[in-house]
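Asks: Before we start, here is the structure in question, set down as C-alpha cells.
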Amino acid sequence: MGVGMLAVLLLALFNGDLRAFSAAPVERILIAVAQVGLLTAFFYQTGLLRPTGLALRSPIAHSTREAGLALTLLIGFFSLLGVRAAALVGHGATLSAELGFLAFAPLIAGGMLLSVLIHPLLALFTFAVLLGGIAATLKLPVLTLSAVSLAGWSAILAIAPMRRRTHMFWAGALLSGTLALTAFGGSLADATGWLDALSSGLWGIGSGVGAVALFWLGLSLLERPFRLATPMTLLELASLEQPLLRELRDKAPGTYFHSQQVGHLAEEAALAIGADPLLARVAGYYHDIGKLSKPEFFIENQDGISSLHAQINPTLSARIIAAHVREGVELARRHRLPTAVCDIIAQHHGTTLITYFYYQAVTGGHDPVLEQHFRYEGPKPQTREAAIVMLADSVEAASRVLGDVTPARLANFVHEIIEMRRQDGQLDECNLTFRDLKLIEEAFVRVLVASRHRRIEYPGGTKAHDEPIYAVHP
C-alpha cells in the first residue's frame with residue numbers, strides 16, 4: 001500500500017509541470033491512480049507481483065521476479081525524472097517538434113532498457129502508460145503523441161533481440177530516423193520554413209542519439225548491481241582469462257577441460273533449439289566451479305593416482321560429490337556472477353542419483369541404504385539452458401569412457417543418456433519438447449563426432465595395432 005501511494009504521488013508530480021501542480025491536483029492524482037492501476041494489473045498478469053514467478057522471463061537478461069519489479073520501478077522513475085528535467089531546462093520547447101522531442105529521449109531509453117532487461121511486451125505497456133500520463137497531463141498534441149509513440153515502440157521492438165553492439169547501432173539508426181522524419185514533418189505541418197524544419201529534423205537525430213546513449217549508460221550501470229546476464233557481461237565471463245576460470249585451470253585441470261567441452265556442447269544445442277547459446281556456453285564453463293574446494297576427490301583431477309574415495313565409505317563419498325553444487329553456487333555468488341548462471345550451477349545435476357556410490361553402498365553390505373541420501377539436492381532444471389547444460393554435462397562425462405566407436409553407436413549412446421535423464425523426471429520442470437530433445441541429441445552427436453576425428457598414424461608410432469587413431473580434444 002505504501003509503495004502504491006508513493007508511486008501515485010511521484011507520477012502526479014512528474015507527469016506535468018511541477019510549478020503547475022497546485023492548479024489541477026485532483027486531475028493529476030486521478031491520472032496517476034489510473035496509471036498505477038494499469039501497471040499493477042499488468043504486473044500481476046505477467047508474474048511480477050505473483051509468488052509463482054515471472055511469466056515474461058527475459059530472453060536476454062534472464063531477470064528474476066524481484067529484480068524485474070525493482071528494475072521496472074527504478075527505470076520508470078528515472079525516465080520520468082529525465083523527461084521533466086529536460087522539459088524544465090528547455091522551458092517546454094523540447095516537448096515539441098522544434099527540438100525534435102528531445103525531452104522524450106529518457107523515456108524512450110527507459111523503454112529500451114525494460115525491453116532488453118525484462119521483456120519487450122512489458123516495455124511496450126509501461127512506455128505507453130507513462131507516455132499516456134504525460135500526454136494527458138500536459139495535453140500534448142495528437143501529432144506529438146503519435147510521433148513519440150511510433151519512435152518509442154519501434155526502438156523497443158528493434159532493440160529486443162540485442163546480442164551484440166551492432167544491434168544497438170541499428171536500433172539507434174531506426175530511432176533517429178523516425179524522430180528526424182516526424183520532427184521535420186511536424187515542423188512543416190506548422191507552416192514553418194524549410195530551414196526551421198531541417199533544424200527540427202537534425203534535433204530529431206540528436207534525440208535518437210541521446211536516447212541510445214542513455215540506454216547504454218543505464219545498461220552499464222544496472223547489469224552489475226542486479227547481476228543480469230546481458231550479452232556484454234556474458235562475453236566478459238566467457239574470456240578464458242577470467243580469475244575463476246584461471247583458478248579452475250590451475251587447481252582442477254581435468255574439470256577445466258571437461259567444462260570447456262560442456263560449454264561447447266551446450267552452445268551448439270542451444271543454437272539448435274533457439275535457446276540462448278551465449279548463456280549456455282558460459283554456464284557450461286562455470287557449472288563445476290564448486291569442485292575447486294576439493295578437486296582431488298573428482299576422478300578427472302586424480303591424474304592416475306589411487307582414488308581418495310577408497311579410504312572412506314560410500315555415503316561420505318556421495319556427500320562430498322554432491323556438495324560441489326552448493327559450493328559452486330556460493331562461489332559464484334561471491335564473485336557476483338549473473339543470477340542466471342548461478343541458477344544453472346544449482347540445477348545442473350537436478351536430483352539425479354549418484355549412481356556409482358549408491359550401488360557401491362547397496363552391494364557392499366552396508367546398513368540399509370535410502371536412495372534419497374545418494375541424490376543431488378536439486379532443484380531440477382527450470383529453463384531450457386539449464387536442462388541443456390545438465391544433458392551436456394552427462395553426455396560429455398560419460399563419453400570419456402568410450403573407445404573407438406562409430407558415429408551410429410555414438411548417436412545411440414547420446415540418445416540413451418538423454419532418455420535416462422528424461423525417464424528419471426529431470427526434465428519435467430523445464431519447457432523442452434520432444435522435438436527439442438531430438439535437436440539437442442543431433443547437436444551433441446555432431447560435436448562429439450567432430451572432436452573424435454581421425455588422425456593419420458605416422459611411421460614409427462607406438463600404436464600396437466593398425467586401427468585408426470582418434471585424437472580427443474576437450
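Chain labels A, B, ... are given in the sequence in which chains occur in the C-alpha cells; within each chain residues are numbered consecutively from 1, and ligands are likewise numbered from 1 in the order shown.
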Please, which residues of region 42-95 of chain A, numbered as in this document, come out helix (DSSP H, G or I) from DSSP, as a PyMOL selection string?
Replies: chain A and resi 42-46+65-89+93-95
Asks: I'd like the neighbourhood of Phe77 (chain A) as an mmCIF file with N, CA and C atoms, in the first residue's frame, where a residue qualifies if any of its atoms comes within 9 Å (using only C-alpha atoms), though same-chain residues fewer than 6 positions away should be ignored.
Replies:
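Saved the output as result_21.cif:
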```
data_model
loop_
_atom_site.group_PDB
_atom_site.id
_atom_site.type_symbol
_atom_site.label_atom_id
_atom_site.label_comp_id
_atom_site.auth_asym_id
_atom_site.auth_seq_id
_atom_site.Cartn_x
_atom_site.Cartn_y
_atom_site.Cartn_z
ATOM 1 N N ALA A 7 4.026 5.740 -5.448
ATOM 2 C CA ALA A 7 4.024 5.741 -6.915
ATOM 3 C C ALA A 7 3.020 6.746 -7.456
ATOM 4 N N LEU A 10 4.494 10.291 -6.979
ATOM 5 C CA LEU A 10 5.584 10.580 -7.913
ATOM 6 C C LEU A 10 5.063 10.772 -9.330
ATOM 7 N N LEU A 11 4.123 9.920 -9.746
ATOM 8 C CA LEU A 11 3.555 10.074 -11.083
ATOM 9 C C LEU A 11 2.802 11.390 -11.214
ATOM 10 N N PHE A 14 5.552 14.097 -11.597
ATOM 11 C CA PHE A 14 6.410 14.082 -12.779
ATOM 12 C C PHE A 14 5.647 14.095 -14.098
#
```
Asks: Give me, as a list in words, all polymer residues having an atom no more than 10 Å from Glu419 (chain A), counting only C-alpha atoms and skipping those fewer than 5 positions away in the same chain.
Replies: Leu391, Phe413, Val414, Asp424, Gly425 and Leu437 of chain A
Asks: Which residues are close to region 288-302 of chain A, i.e. within 9 Å by only C-alpha atoms, leaving aside same-chain residues fewer than 4 positions away? Reply as an MDAnalysis selection string.
Replies: chainID A and resid 244:245 247:248 251:256 258:259 284 306:309 317 320:321 323:332 345 348
Asks: For those residues, write C-alpha atoms to a file as a PDB file, in the first residue's frame.
Replies:
```pdb
ATOM      1  CA  LEU A 244      37.657 -18.138 -11.680  1.00  0.00           C
ATOM      2  CA  LEU A 245      38.458 -19.950 -14.906  1.00  0.00           C
ATOM      3  CA  GLU A 247      41.909 -20.853 -10.888  1.00  0.00           C
ATOM      4  CA  LEU A 248      39.936 -23.823 -12.224  1.00  0.00           C
ATOM      5  CA  LYS A 251      43.833 -26.298  -9.444  1.00  0.00           C
ATOM      6  CA  ALA A 252      41.482 -28.659 -11.295  1.00  0.00           C
ATOM      7  CA  PRO A 253      42.745 -29.019 -14.883  1.00  0.00           C
ATOM      8  CA  GLY A 254      40.622 -32.084 -15.612  1.00  0.00           C
ATOM      9  CA  THR A 255      37.467 -30.259 -14.535  1.00  0.00           C
ATOM     10  CA  TYR A 256      38.531 -27.215 -16.541  1.00  0.00           C
ATOM     11  CA  HIS A 258      35.649 -31.017 -19.123  1.00  0.00           C
ATOM     12  CA  SER A 259      33.851 -27.682 -18.577  1.00  0.00           C
ATOM     13  CA  GLY A 284      28.904 -24.704 -19.129  1.00  0.00           C
ATOM     14  CA  SER A 306      44.589 -44.055  -6.383  1.00  0.00           C
ATOM     15  CA  SER A 307      41.174 -42.649  -5.595  1.00  0.00           C
ATOM     16  CA  LEU A 308      40.727 -40.989  -2.216  1.00  0.00           C
ATOM     17  CA  HIS A 309      37.230 -42.487  -2.083  1.00  0.00           C
ATOM     18  CA  SER A 317      31.815 -40.028  -0.782  1.00  0.00           C
ATOM     19  CA  ILE A 320      31.442 -34.875  -0.958  1.00  0.00           C
ATOM     20  CA  ILE A 321      30.454 -35.273  -4.605  1.00  0.00           C
ATOM     21  CA  ALA A 323      28.469 -30.757  -2.126  1.00  0.00           C
ATOM     22  CA  HIS A 324      30.211 -29.347  -5.195  1.00  0.00           C
ATOM     23  CA  VAL A 325      26.854 -27.987  -6.437  1.00  0.00           C
ATOM     24  CA  ARG A 326      26.161 -25.993  -3.278  1.00  0.00           C
ATOM     25  CA  GLU A 327      29.785 -24.844  -3.046  1.00  0.00           C
ATOM     26  CA  GLY A 328      29.697 -23.799  -6.684  1.00  0.00           C
ATOM     27  CA  VAL A 329      26.637 -21.611  -6.121  1.00  0.00           C
ATOM     28  CA  GLU A 330      28.261 -19.983  -3.079  1.00  0.00           C
ATOM     29  CA  LEU A 331      31.470 -19.328  -5.022  1.00  0.00           C
ATOM     30  CA  ALA A 332      29.525 -17.891  -7.973  1.00  0.00           C
ATOM     31  CA  ILE A 345      25.037 -24.161 -11.465  1.00  0.00           C
ATOM     32  CA  HIS A 348      22.917 -28.783 -13.491  1.00  0.00           C
TER      33      HIS A 348
END
```
Asks: Show me, as a PDB file with C-alpha atoms, in the first residue's frame, the residues that have an atom within 7 Å of Ile273 (chain A) when counting only C-alpha atoms, minus same-chain residues fewer than 3 positions from it.
Replies:
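Printed below is around_15.pdb as written:
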```pdb
ATOM      1  CA  ALA A 269      22.490 -27.475 -28.586  1.00  0.00           C
ATOM      2  CA  ALA A 270      21.125 -24.048 -27.624  1.00  0.00           C
ATOM      3  CA  ASP A 436      13.881 -30.029 -28.816  1.00  0.00           C
ATOM      4  CA  LEU A 439      17.624 -31.481 -31.995  1.00  0.00           C
TER       5      LEU A 439
END
```
Asks: Return the single residue from A:Leu122, A:Met112, A:Leu39, A:Ala151 that is closest to Leu217 (chain A), with distances computed using only C-alpha atoms.
Replies: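 Of A:Leu122, A:Met112, A:Leu39, A:Ala151, the one nearest Leu217 (chain A), counting only C-alpha atoms, is A:Met112.
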Asks: Please determine, counting only C-alpha atoms, which residue among A:Leu198, A:Ala32, A:Leu113, A:Leu174 has the shortest atom-to-atom distance to Leu221 (chain A).
Replies: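 Using only C-alpha atoms, the shortest distance to Leu221 (chain A) belongs to A:Leu113.
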Asks: May I ask for the distance between CA of Leu6 (chain A) and CA of Leu48 (chain A), given in Å to one decimal place?
Replies: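 One can read the CA of Leu6 (chain A) to CA of Leu48 (chain A) distance as 18.3 Å.
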Asks: Can you measure CA of Leu402 (chain A) to CA of Ala450 (chain A) for me? One decimal in Å is fine.
Replies: 14.7 Å
Asks: Which of these, A:Leu370, A:Leu117, A:Ala105, A:Ala85, has the shortest distance to Thr72 (chain A) once you count only C-alpha atoms?
Replies: A:Leu117
Asks: With only C-alpha atoms counted and 8 Å as the cut-off, give the residues of region 186-287 of chain A in contact with region 92-99 of chain A, each with its shortest interatomic distance in Å and the pair that gives it, as a Markdown table.
Replies:
```
| residue | atom | partner | partner_atom | distance |
| --- | --- | --- | --- | --- |
| A:Gly186 | CA | A:Ala97 | CA | 5.9 |
| A:Ser187 | CA | A:Ala97 | CA | 6.1 |
| A:Asp196 | CA | A:Glu98 | CA | 7.8 |
| A:Ala197 | CA | A:Glu98 | CA | 7.8 |
| A:Ser199 | CA | A:Glu98 | CA | 7.7 |
| A:Ser200 | CA | A:Glu98 | CA | 5.0 |
| A:Trp203 | CA | A:Leu99 | CA | 5.3 |
| A:Gly204 | CA | A:Leu99 | CA | 6.9 |
```
Asks: Could you dump the residues just selected with N, CA and C atoms as a compact mmCIF listing (two decimals), in the first residue's frame?
Replies:
```
# COMPACT_ATOMS: atom_id res chain seq x y z
N GLY A 186 6.47 17.42 -38.72
CA GLY A 186 5.68 18.23 -37.80
C GLY A 186 5.95 19.71 -37.95
N SER A 187 7.22 20.07 -38.18
CA SER A 187 7.54 21.48 -38.37
C SER A 187 6.93 22.01 -39.65
N ASP A 196 13.87 25.92 -40.76
CA ASP A 196 13.42 25.54 -39.42
C ASP A 196 13.04 24.07 -39.36
N ALA A 197 12.39 23.56 -40.43
CA ALA A 197 12.03 22.15 -40.47
C ALA A 197 13.27 21.27 -40.51
N SER A 199 16.18 22.07 -39.30
CA SER A 199 16.76 22.15 -37.95
C SER A 199 16.04 21.19 -37.00
N SER A 200 14.72 21.13 -37.10
CA SER A 200 13.96 20.20 -36.27
C SER A 200 14.35 18.76 -36.55
N TRP A 203 17.56 18.01 -34.89
CA TRP A 203 17.33 17.80 -33.47
C TRP A 203 16.72 16.41 -33.21
N GLY A 204 15.90 15.95 -34.15
CA GLY A 204 15.35 14.61 -34.03
C GLY A 204 16.44 13.55 -34.03
```
Asks: So which residues touch Thr230 (chain A) within 7 Å, counting only C-alpha atoms, skipping near sequence neighbours fewer than 3 positions away, as a list of chain:residue names?
Replies: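 Here the answer would be A:Ile60, A:Ala61, A:Glu223, A:Thr233, A:Leu234.
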Asks: Calculate how many Å separate CA of Arg65 (chain A) from CA of Gly152 (chain A), rounding to one decimal.
Replies: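 Rounded to one decimal, the two atoms are 24.7 Å apart.
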Asks: With only C-alpha atoms as the atoms that count, which of A:Gly208, A:Gly111, A:Pro314, A:Pro381 lies nearest to Ala340 (chain A)?
Replies: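 Ranking A:Gly208, A:Gly111, A:Pro314, A:Pro381 by distance to Ala340 (chain A), first place goes to A:Pro381.
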Asks: Given only C-alpha atoms as the basis, pick out the residue of A:Leu410, A:Ile440, A:Val445, A:Ile75 nearest to Leu219 (chain A).
Replies: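 Ranked by minimum distance to Leu219 (chain A), first place goes to A:Ile75.
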